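So this block is start-v9.cif, mmCIF, C-alpha atoms:
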data_entry
#
loop_
_atom_site.label_atom_id
_atom_site.label_comp_id
_atom_site.auth_asym_id
_atom_site.auth_seq_id
_atom_site.Cartn_x
_atom_site.Cartn_y
_atom_site.Cartn_z
CA MET G 1 -12.58 5.43 39.39
CA ALA G 2 -14.37 4.44 36.18
CA PRO G 3 -17.48 6.48 35.28
CA VAL G 4 -20.87 4.83 35.75
CA PRO G 5 -22.91 4.61 32.53
CA ALA G 6 -26.20 6.45 32.69
CA GLU G 7 -29.54 5.05 31.62
CA GLY G 8 -30.72 6.91 28.54
CA LEU G 9 -27.30 8.47 27.96
CA HIS G 10 -25.79 6.76 24.93
CA LEU G 11 -22.69 7.45 22.88
CA SER G 12 -23.85 6.21 19.50
CA ASN G 13 -20.76 6.68 17.34
CA LEU G 14 -17.08 7.52 17.58
CA SER G 15 -15.18 7.87 14.30
CA VAL G 16 -11.40 8.39 14.29
CA PRO G 17 -9.16 7.53 11.31
CA ARG G 18 -7.09 4.42 12.03
CA ILE G 19 -4.32 5.81 9.85
CA ILE G 20 -3.99 9.16 8.11
CA ASP G 21 -1.34 10.89 6.02
CA ALA G 22 0.44 13.73 7.81
CA ALA G 23 -0.44 16.06 4.92
CA GLN G 24 -4.17 15.60 5.49
CA LYS G 25 -6.60 16.81 8.16
CA ALA G 26 -8.00 14.35 10.67
CA LYS G 27 -11.76 14.49 11.21
CA LEU G 28 -12.94 13.21 14.60
CA PHE G 29 -16.67 12.52 14.96
CA CYS G 30 -18.59 11.89 18.17
CA SER G 31 -22.38 11.50 18.28
CA TYR G 32 -24.57 10.77 21.29
CA ALA G 33 -28.14 10.58 22.56
CA MET G 34 -28.97 12.27 25.87
CA GLY G 35 -32.33 10.62 26.52
CA ASN G 36 -34.16 12.69 29.14
CA ARG G 37 -30.93 14.28 30.36
CA THR G 38 -29.38 17.65 29.61
CA LEU G 39 -25.94 17.81 28.06
CA ASN G 40 -23.39 19.20 30.49
CA SER G 41 -20.17 18.82 28.48
CA VAL G 42 -18.32 16.98 25.74
CA LYS G 43 -14.58 16.59 26.18
CA TRP G 44 -11.95 15.38 23.72
CA TYR G 45 -8.73 13.79 25.01
CA LYS G 46 -5.49 12.57 23.47
CA ASP G 47 -3.58 10.01 25.52
CA GLY G 48 -5.52 11.09 28.62
CA LEU G 49 -4.91 14.83 28.13
CA GLU G 50 -7.89 17.08 27.44
CA PHE G 51 -7.48 19.28 24.37
CA PHE G 52 -11.07 20.50 23.75
CA ARG G 53 -14.23 21.02 25.79
CA TYR G 54 -17.77 21.92 24.79
CA SER G 55 -19.95 23.04 27.73
CA PRO G 56 -23.22 24.63 26.52
CA LEU G 57 -24.38 25.49 30.06
CA THR G 58 -21.20 27.28 31.14
CA PRO G 59 -19.77 30.20 29.14
CA PRO G 60 -17.47 30.20 27.33
CA THR G 61 -19.09 27.23 25.68
CA THR G 62 -15.87 26.14 23.91
CA ASN G 63 -12.39 25.80 25.39
CA TRP G 64 -9.07 24.73 23.83
CA PHE G 65 -6.17 23.23 25.78
CA SER G 66 -2.57 22.84 24.59
CA VAL G 67 -1.55 19.23 23.95
CA GLU G 68 1.53 18.23 21.95
CA GLY G 69 0.65 17.02 18.46
CA VAL G 70 -2.89 18.45 18.55
CA THR G 71 -3.79 21.52 16.45
CA ILE G 72 -7.49 22.23 15.96
CA ALA G 73 -8.23 23.55 12.47
CA ASP G 74 -9.83 26.94 11.88
CA GLY G 75 -13.61 26.70 11.68
CA SER G 76 -13.60 23.61 13.85
CA PRO G 77 -15.11 22.20 16.02
CA HIS G 78 -18.83 21.82 15.44
CA CYS G 79 -20.79 20.78 18.53
CA ASN G 80 -24.42 20.74 19.67
CA GLN G 81 -26.87 18.61 21.66
CA PHE G 82 -26.27 15.60 19.38
CA ILE G 83 -22.74 15.75 17.95
CA CYS G 84 -19.29 17.15 18.65
CA ASN G 85 -16.92 16.97 15.69
CA VAL G 86 -13.32 18.21 15.70
CA GLU G 87 -10.88 18.59 12.80
CA LEU G 88 -7.13 18.45 13.42
CA GLU G 89 -4.45 19.92 11.14
CA LYS G 90 -0.63 20.18 11.03
CA LEU G 91 -0.35 16.50 11.89
CA ASN G 92 3.02 15.02 12.84
CA ALA G 93 4.51 12.03 14.61
CA HIS G 94 3.25 13.35 17.97
CA SER G 95 -0.35 13.38 16.69
CA SER G 96 -0.53 9.58 16.82
CA GLY G 97 -2.19 8.20 19.91
CA GLN G 98 -5.43 7.28 21.65
CA TYR G 99 -8.34 9.70 21.26
CA LYS G 100 -11.33 9.74 23.58
CA CYS G 101 -14.72 11.42 23.43
CA GLU G 102 -16.33 11.83 26.86
CA VAL G 103 -19.95 12.97 27.28
CA SER G 104 -21.48 14.00 30.61
CA GLY G 105 -25.03 14.78 31.71
CA ASP G 106 -26.09 17.65 33.94
CA ALA G 107 -26.57 17.82 37.71
CA PRO G 108 -27.21 16.26 40.02
CA GLU G 109 -25.66 12.99 38.75
CA PHE G 110 -23.24 14.23 36.07
CA LYS G 111 -23.29 10.78 34.48
CA LEU G 112 -20.40 10.02 32.12
CA ILE G 113 -20.00 7.89 29.05
CA ASP G 114 -16.99 7.67 26.73
CA GLN G 115 -15.33 5.78 23.88
CA THR G 116 -11.73 5.64 22.67
CA ALA G 117 -10.03 4.90 19.37
CA ASN G 118 -6.42 4.86 18.18
CA MET G 119 -5.11 7.00 15.33
CA THR G 120 -1.75 6.58 13.57
CA VAL G 121 -0.29 9.50 11.65
CA GLY G 122 2.11 8.47 8.93
CA VAL G 123 3.03 8.91 5.29
CA LEU G 124 0.94 6.91 2.85
CA PRO G 125 2.46 5.76 -0.46
CA LYS G 126 1.75 8.12 -3.34
CA SER G 127 2.15 5.48 -6.06
CA ASP G 128 1.64 1.77 -6.69
CA PRO G 129 4.57 -0.58 -6.12
CA SER G 130 7.06 -0.97 -8.96
CA ILE G 131 7.62 -4.37 -10.60
CA TRP G 132 10.98 -4.67 -12.32
CA GLY G 133 13.47 -7.19 -13.67
CA MET G 134 10.93 -9.38 -15.50
CA ARG G 135 11.45 -10.54 -19.08
CA ARG G 136 8.71 -10.71 -21.70
CA SER G 137 9.01 -14.50 -21.92
CA TYR G 138 10.63 -17.49 -20.25
CA LYS G 139 10.92 -21.15 -21.09
CA TYR G 140 10.59 -24.42 -19.24
CA HIS G 141 13.31 -24.89 -16.57
CA ASP G 142 14.18 -21.14 -16.51
CA THR G 143 14.36 -19.35 -13.16
CA LEU G 144 12.09 -16.30 -12.95
CA LEU G 145 13.62 -13.48 -10.88
CA VAL G 146 11.42 -10.43 -10.44
CA ASN G 147 11.45 -7.61 -7.88
CA CYS G 148 8.77 -5.46 -6.26
CA SER G 149 9.55 -2.11 -4.63
CA SER G 150 7.09 0.02 -2.67
CA ASP G 151 6.88 3.80 -2.51
CA TRP G 152 8.16 5.52 0.65
CA SER G 153 5.73 5.18 3.56
CA ASN G 154 5.28 5.08 7.30
CA PRO G 155 4.41 2.60 8.73
CA VAL G 156 6.43 0.16 6.66
CA ALA G 157 4.51 -1.56 3.84
CA LYS G 158 4.21 -5.34 3.89
CA LEU G 159 4.76 -6.68 0.37
CA MET G 160 3.28 -9.87 -1.02
CA TRP G 161 3.44 -11.67 -4.37
CA TYR G 162 0.52 -13.44 -6.05
CA ILE G 163 0.85 -15.78 -9.04
CA ASN G 164 -2.33 -16.07 -11.11
CA ASN G 165 -4.30 -14.78 -8.08
CA GLU G 166 -2.76 -17.36 -5.71
CA THR G 167 -0.35 -16.46 -2.92
CA ALA G 168 3.22 -17.17 -3.98
CA PRO G 169 4.74 -20.13 -2.10
CA GLY G 170 6.93 -19.11 0.81
CA HIS G 171 10.03 -20.85 -0.54
CA SER G 172 9.93 -18.59 -3.63
CA LEU G 173 10.13 -15.36 -1.60
CA GLN G 174 13.35 -13.79 -0.42
CA PRO G 175 13.34 -11.89 2.92
CA GLN G 176 11.80 -8.43 2.60
CA ILE G 177 14.35 -5.60 2.64
CA ASN G 178 13.35 -2.23 4.14
CA GLU G 179 15.27 0.96 3.37
CA VAL G 180 15.00 3.71 5.99
CA SER G 181 14.96 7.48 5.53
CA ARG G 182 13.55 10.46 7.42
CA ASN G 183 11.35 13.37 6.37
CA GLY G 184 11.06 16.88 7.76
CA ASP G 185 8.43 15.90 10.34
CA SER G 186 10.79 13.44 12.07
CA LEU G 187 8.86 10.50 10.65
CA HIS G 188 10.94 7.55 9.52
CA LEU G 189 10.11 6.58 5.95
CA PHE G 190 10.46 3.06 4.58
CA ALA G 191 10.86 1.76 1.02
CA SER G 192 10.40 -2.00 0.89
CA HIS G 193 11.69 -4.55 -1.62
CA LEU G 194 10.62 -8.16 -2.12
CA GLN G 195 12.09 -10.56 -4.68
CA LEU G 196 10.20 -13.49 -6.19
CA ARG G 197 12.47 -16.35 -7.29
CA LEU G 198 10.54 -19.09 -9.05
CA LYS G 199 11.84 -22.20 -10.84
CA LEU G 200 9.65 -22.83 -13.90
CA ASP G 201 9.69 -26.61 -13.72
CA ASP G 202 5.98 -27.38 -13.79
CA PRO G 203 5.48 -30.27 -16.28
CA ARG G 204 2.61 -28.44 -17.97
CA TYR G 205 5.15 -26.04 -19.51
CA ILE G 206 6.63 -28.91 -21.55
CA SER G 207 3.79 -29.07 -24.02
CA LYS G 208 1.78 -25.87 -23.57
CA SER G 209 2.73 -22.19 -23.48
CA GLU G 210 0.99 -20.16 -20.80
CA MET G 211 0.51 -16.56 -19.69
CA LEU G 212 1.67 -15.88 -16.12
CA GLU G 213 0.14 -12.98 -14.17
CA LEU G 214 2.16 -11.63 -11.26
CA ARG G 215 0.63 -9.22 -8.76
CA CYS G 216 2.50 -7.39 -6.01
CA THR G 217 0.56 -5.80 -3.15
CA ALA G 218 1.75 -3.26 -0.58
CA ASP G 219 -0.32 -3.38 2.64
CA ILE G 220 -0.14 -0.97 5.56
CA MET G 221 -1.65 -2.12 8.85
CA GLY G 222 -3.80 -4.58 6.88
CA LEU G 223 -6.19 -1.79 5.84
CA ALA G 224 -7.86 -2.35 2.47
CA ASN G 225 -8.45 1.36 1.84
CA VAL G 226 -4.72 2.16 1.76
CA ARG G 227 -3.58 -0.96 -0.12
CA ARG G 228 -1.56 -0.44 -3.32
CA GLU G 229 -0.90 -3.06 -6.00
CA SER G 230 0.63 -3.56 -9.44
CA ILE G 231 0.24 -6.32 -12.04
CA ALA G 232 2.69 -7.59 -14.68
CA ARG G 233 2.38 -10.43 -17.17
CA THR G 234 4.86 -12.68 -18.92
CA THR G 235 4.69 -15.74 -21.18
CA ILE G 236 6.08 -19.15 -20.30
CA LEU G 237 6.96 -20.80 -23.61
CA ALA G 238 6.35 -24.52 -23.93
CA LEU G 239 9.49 -26.58 -24.50
CA LYS G 240 8.66 -27.19 -28.16
CA ASP G 241 7.85 -23.49 -28.79
CA ALA G 242 10.96 -22.30 -26.98
CA GLY G 243 13.12 -24.59 -29.13
CA PHE G 244 11.44 -23.36 -32.33
CA ASN G 245 11.94 -19.70 -31.40
CA GLN G 246 15.56 -20.30 -30.48
CA ARG G 247 16.33 -21.94 -33.82
CA LEU G 248 14.38 -19.20 -35.60
CA THR G 249 16.56 -16.40 -34.26
CA GLU G 250 19.90 -18.10 -33.68
CA ASN G 251 22.77 -16.50 -35.67
CA GLY G 252 20.28 -14.50 -37.75
CA SER G 253 19.21 -17.63 -39.64
CA CYS G 254 15.97 -19.55 -39.96
CA LEU G 255 15.12 -23.09 -38.94
CA ASN G 256 18.20 -24.95 -40.16
CA GLY G 257 20.34 -22.03 -41.24
CA GLN G 258 19.75 -22.62 -44.99
CA PRO G 259 18.99 -18.99 -45.97
CA ALA G 260 22.22 -17.79 -44.37
CA SER G 261 24.23 -20.56 -46.08
CA LEU G 262 22.65 -19.72 -49.46
CA ALA G 263 23.55 -16.07 -49.05
CA ALA G 264 27.15 -16.96 -48.28
CA TRP G 265 27.33 -19.24 -51.39
CA LEU G 266 25.94 -16.51 -53.66
CA LEU G 267 28.39 -13.98 -52.27
CA SER G 268 31.28 -16.36 -52.99
CA LEU G 269 29.99 -16.86 -56.55
CA VAL G 270 29.94 -13.09 -57.14
CA HIS G 271 33.53 -12.74 -55.95
CA LEU G 272 34.59 -15.66 -58.20
CA LEU G 273 32.95 -14.11 -61.30
CA ARG G 274 34.61 -10.76 -60.56
CA TRP G 275 37.98 -12.48 -60.26
CA HIS G 276 37.50 -14.21 -63.63
CA GLY G 277 36.55 -10.85 -65.15
CA THR G 278 39.80 -9.26 -64.02
CA GLN G 279 41.83 -12.15 -65.48
CA SER G 280 40.31 -11.88 -69.00
#

What would the structure in this file look like if it were written as structure tokens?
Amino acid sequence: MAPVPAEGLHLSNLSVPRIIDAAQKAKLFCSYAMGNRTLNSVKWYKDGLEFFRYSPLTPPTTNWFSVEGVTIADGSPHCNQFICNVELEKLNAHSSGQYKCEVSGDAPEFKLIDQTANMTVGVLPKSDPSIWGMRRSYKYHDTLLVNCSSDWSNPVAKLMWYINNETAPGHSLQPQINEVSRNGDSLHLFASHLQLRLKLDDPRYISKSEMLELRCTADIMGLANVRRESIARTTILALKDAGFNQRLTENGSCLNGQPASLAAWLLSLVHLLRWHGTQS
């Protein structure tokens, strides 16, 4: 039977991390207003199982209960007439779940009020995604192939490409590939890879060179505070500029190859003069 909310008894805030790295400590906050009632107890649950109770009217005022995946840190919790905060340590895959703070008033009604929130324990990426395989410059009608790889994480990161701050068209993206591994806490770890394949056939590249900015983002559960991203830039050479540069560097010669031809002619002349010198 669901508890009946009490007039004047109000649970004002429940704060539970939506996702947290297994190497960190999880801070659970619960604040409430009793109105004209006396606080009887505050109970914390994980997946319906009670793991901590604060009961100021009944010694001992604090009680711990064994629940898989829940380890209360030393020096925690901190509870009084207004708040009851708990810090969890030694997080692992079993620490993920639904957490509930339940507040009850004193006799004779023992009115209850509660709130729940989900927490996911995982492994957050330690570094920004890596962009690789991109050249310093391309020319009109080239195909740009560039890859983005995320750091190991759990849950899996969702990668996305942006071109000059616009989402890359779907047809230019290859299916995301997810590698799977496992760490010591029995958490599966994922490294994701996403390739951008773009044909540079926009007519504007015919007459004008342009800088292209590529940005790769790695999102986990759509949460902005754990997003990682990297940016890389390349130049798309206009058709006329690409042709000029190609002629400039081709075979080690300049525009029409004249300097190289002149050098060859002079070298032949030197050999001819030496030959004449040996004959005289």

Requested in this report: Quote the spacing between atom CA of Arg227 of chain G and atom CA of Arg135 of chain G in Å to one decimal place.
Outcome: 26.0 Å

I would like the residues chosen by the PyMOL selection byres ((chain G and resi 236) around 9) on the shown file; could you give them as a short mmCIF file (atom, residue, chain, number, x, y, z; two decimals) with C-alpha atoms, in the frame of the given file?
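Generated file (expr-v7.cif):
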data_model
loop_
_atom_site.label_atom_id
_atom_site.label_comp_id
_atom_site.auth_asym_id
_atom_site.auth_seq_id
_atom_site.Cartn_x
_atom_site.Cartn_y
_atom_site.Cartn_z
CA ARG G 136 8.71 -10.71 -21.70
CA SER G 137 9.01 -14.50 -21.92
CA TYR G 138 10.63 -17.49 -20.25
CA LYS G 139 10.92 -21.15 -21.09
CA TYR G 140 10.59 -24.42 -19.24
CA LEU G 200 9.65 -22.83 -13.90
CA TYR G 205 5.15 -26.04 -19.51
CA LYS G 208 1.78 -25.87 -23.57
CA SER G 209 2.73 -22.19 -23.48
CA GLU G 210 0.99 -20.16 -20.80
CA MET G 211 0.51 -16.56 -19.69
CA LEU G 212 1.67 -15.88 -16.12
CA THR G 234 4.86 -12.68 -18.92
CA THR G 235 4.69 -15.74 -21.18
CA LEU G 237 6.96 -20.80 -23.61
CA ALA G 238 6.35 -24.52 -23.93
CA ALA G 242 10.96 -22.30 -26.98
#

Requested in this report: Apply the PyMOL selection byres ((chain G and resi 39-41) around 6) to the file shown and report the selected residues as a list of chain:residue names.
Outcome: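 So the PyMOL selection byres ((chain G and resi 39-41) around 6), applied here, picks out G:Thr38, G:Val42, G:Tyr54, G:Ser55, G:Val103, G:Ser104, G:Gly105, G:Asp106.
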
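Across the structure, atom CA of Leu196 of chain G and atom CA of Val156 of chain G are spaced 19.1 Å apart.
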
Requested in this report: Identify which of the residues G:Gln98, G:Ser172, G:Ser76, G:Ser15 lies closest to Asn118 of chain G, counting all atoms listed in the file when measuring atom-to-atom distances.
Outcome: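 Residue with the minimum atom-to-atom distance to Asn118 of chain G: G:Gln98.
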
Query - Selection result of the PyMOL selection byres ((chain G and resi 195) around 7) on this file, as JSON, numbers by chain - result: {"G": [146, 147, 148, 173, 174, 193, 194, 196, 197]}

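With only C-alpha atoms taken into account, every residue lying no more than 12 Å from the file point (-2.2, 23.0, 23.4) is included here: Tyr45, Lys46, Leu49, Glu50, Phe51, Phe52, Asn63, Trp64, Phe65, Ser66, Val67, Glu68, Gly69, Val70, Thr71, Ile72 and Ser95 of chain G.
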
Query raised in the report: Which of these, G:Ala23, G:Ile206, G:Ala191, G:Ala33, has the shortest distance to Asp151 of chain G once you count only C-alpha atoms?
Result: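 Nearest to Asp151 of chain G: G:Ala191.
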
Query raised in the report: What is the distance, in Å and to one decimal place, between atom CA of Ser181 of chain G and atom CA of Pro129 of chain G?
Result: 17.6 Å

Query raised in the report: Looking at all atoms listed in the file, which of G:Thr143, G:Ser96, G:Gln81, G:Ser153 is the one that sits closest to Val226 of chain G?
Result: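 Closest to Val226 of chain G, using all atoms listed in the file: G:Ser153.
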
May I have the residues within 10 Å of Ala73 of chain G as a short mmCIF file (atom, residue, chain, number, x, y, z; two decimals) with C-alpha atoms, in the frame of the given file, using only C-alpha atoms and disregarding those fewer than 5 positions away in the same chain?
data_model
loop_
_atom_site.label_atom_id
_atom_site.label_comp_id
_atom_site.auth_asym_id
_atom_site.auth_seq_id
_atom_site.Cartn_x
_atom_site.Cartn_y
_atom_site.Cartn_z
CA LYS G 25 -6.60 16.81 8.16
CA ALA G 26 -8.00 14.35 10.67
CA LYS G 27 -11.76 14.49 11.21
CA VAL G 86 -13.32 18.21 15.70
CA GLU G 87 -10.88 18.59 12.80
CA LEU G 88 -7.13 18.45 13.42
CA GLU G 89 -4.45 19.92 11.14
CA LYS G 90 -0.63 20.18 11.03
#

Requested in this report: Would you please work out which residue, of G:Asn92, G:Gln115, G:Asn80, G:Ser12, is nearest to Trp44 of chain G when using only C-alpha atoms?
Outcome: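 Residue with the minimum atom-to-atom distance to Trp44 of chain G: G:Gln115.
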
Query - Shortest interatomic distance to Tyr32 of chain G - which of G:Leu91, G:Lys100, G:Arg18, G:Asp114, counting only C-alpha atoms - result: G:Asp114

Requested in this report: Might you pull out every residue within 9 Å of Met221 of chain G, with only C-alpha atoms counted and same-chain residues fewer than 6 positions away left off, and present them as a list in words?
Outcome: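 In the requested format, the answer is Ile19, Pro155, Val156, Ala157 and Lys158 of chain G.
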
Would you compute an axis-aligned box for segment 58-64 of chain G, covering every atom listed for it in the file with 3 Å of margin on each side, and report centre and edge lengths in Å to one decimal as JSON?
{"center_x": -15.1, "center_y": 27.5, "center_z": 27.5, "size_x": 18.1, "size_y": 11.5, "size_z": 13.3}

Query raised in the report: Smallest atom-to-atom distance to Asn225 of chain G: which of G:Leu124, G:Leu9, G:Cys101, G:Cys79, using all atoms listed in the file?
Result: G:Leu124

Should you be able to, write segment 125-136 of chain G of this structure into a file that contains all heavy atoms, as a compact mmCIF listing (two decimals), in the first residue's frame.
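For reference, out-v7.txt as written:
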# COMPACT_ATOMS: atom_id res chain seq x y z
N PRO G 125 35.23 8.12 -19.63
CA PRO G 125 36.46 8.28 -20.41
C PRO G 125 37.42 9.24 -19.74
O PRO G 125 37.02 10.29 -19.24
CB PRO G 125 35.97 8.80 -21.77
CG PRO G 125 34.60 9.34 -21.51
CD PRO G 125 34.04 8.55 -20.39
N LYS G 126 38.69 8.89 -19.76
CA LYS G 126 39.72 9.73 -19.13
C LYS G 126 40.29 10.76 -20.10
O LYS G 126 40.97 11.70 -19.68
CB LYS G 126 40.86 8.85 -18.60
CG LYS G 126 40.42 7.77 -17.62
CD LYS G 126 39.83 8.36 -16.36
CE LYS G 126 39.55 7.29 -15.31
NZ LYS G 126 38.50 6.32 -15.69
N SER G 127 40.05 10.59 -21.39
CA SER G 127 40.62 11.50 -22.38
C SER G 127 39.60 11.80 -23.47
O SER G 127 38.59 11.09 -23.61
CB SER G 127 41.90 10.90 -23.00
OG SER G 127 41.59 9.69 -23.67
N ASP G 128 39.87 12.85 -24.24
CA ASP G 128 39.01 13.21 -25.36
C ASP G 128 39.16 12.19 -26.48
O ASP G 128 40.18 11.49 -26.56
CB ASP G 128 39.38 14.61 -25.89
CG ASP G 128 39.08 15.70 -24.87
OD1 ASP G 128 38.17 15.50 -24.04
OD2 ASP G 128 39.76 16.75 -24.90
N PRO G 129 38.16 12.09 -27.36
CA PRO G 129 38.29 11.15 -28.47
C PRO G 129 39.47 11.51 -29.37
O PRO G 129 39.89 12.67 -29.44
CB PRO G 129 36.95 11.28 -29.21
CG PRO G 129 36.37 12.58 -28.76
CD PRO G 129 36.87 12.81 -27.38
N SER G 130 40.00 10.52 -30.05
CA SER G 130 41.15 10.70 -30.93
C SER G 130 40.67 10.78 -32.39
O SER G 130 39.91 9.93 -32.84
CB SER G 130 42.12 9.52 -30.76
OG SER G 130 43.15 9.57 -31.71
N ILE G 131 41.13 11.82 -33.09
CA ILE G 131 40.84 11.98 -34.52
C ILE G 131 42.10 11.60 -35.29
O ILE G 131 43.17 12.15 -35.03
CB ILE G 131 40.41 13.42 -34.84
CG1 ILE G 131 39.09 13.76 -34.12
CG2 ILE G 131 40.27 13.62 -36.35
CD1 ILE G 131 38.63 15.19 -34.32
N TRP G 132 41.96 10.68 -36.22
CA TRP G 132 43.15 10.21 -36.95
C TRP G 132 42.80 9.87 -38.40
O TRP G 132 41.64 9.65 -38.74
CB TRP G 132 43.77 9.00 -36.24
CG TRP G 132 42.82 7.87 -35.97
CD1 TRP G 132 41.92 7.78 -34.95
CD2 TRP G 132 42.68 6.66 -36.72
NE1 TRP G 132 41.21 6.60 -35.00
CE2 TRP G 132 41.67 5.89 -36.08
CE3 TRP G 132 43.31 6.15 -37.84
CZ2 TRP G 132 41.28 4.64 -36.56
CZ3 TRP G 132 42.92 4.90 -38.32
CH2 TRP G 132 41.93 4.17 -37.67
N GLY G 133 43.87 9.89 -39.22
CA GLY G 133 43.71 9.54 -40.64
C GLY G 133 43.44 10.72 -41.55
O GLY G 133 43.19 10.54 -42.74
N MET G 134 43.50 11.95 -41.01
CA MET G 134 43.17 13.13 -41.82
C MET G 134 44.45 13.77 -42.36
O MET G 134 45.43 13.92 -41.64
CB MET G 134 42.38 14.14 -40.99
CG MET G 134 41.84 15.30 -41.82
SD MET G 134 40.67 16.31 -40.88
CE MET G 134 41.77 17.08 -39.71
N ARG G 135 44.42 14.18 -43.62
CA ARG G 135 45.55 14.87 -44.22
C ARG G 135 45.47 16.37 -43.94
O ARG G 135 44.43 16.89 -43.56
CB ARG G 135 45.58 14.64 -45.74
CG ARG G 135 45.57 13.16 -46.15
CD ARG G 135 46.12 12.97 -47.56
NE ARG G 135 45.47 13.80 -48.55
CZ ARG G 135 44.53 13.37 -49.40
NH1 ARG G 135 44.13 12.10 -49.34
NH2 ARG G 135 43.99 14.18 -50.30
N ARG G 136 46.59 17.05 -44.17
CA ARG G 136 46.62 18.50 -43.94
C ARG G 136 45.80 19.24 -44.98
O ARG G 136 45.27 20.33 -44.71
CB ARG G 136 48.06 19.00 -43.96
CG ARG G 136 48.90 18.50 -42.80
CD ARG G 136 50.31 19.03 -42.86
NE ARG G 136 50.33 20.49 -42.76
CZ ARG G 136 51.43 21.21 -42.83
NH1 ARG G 136 52.61 20.61 -43.03
NH2 ARG G 136 51.38 22.52 -42.71
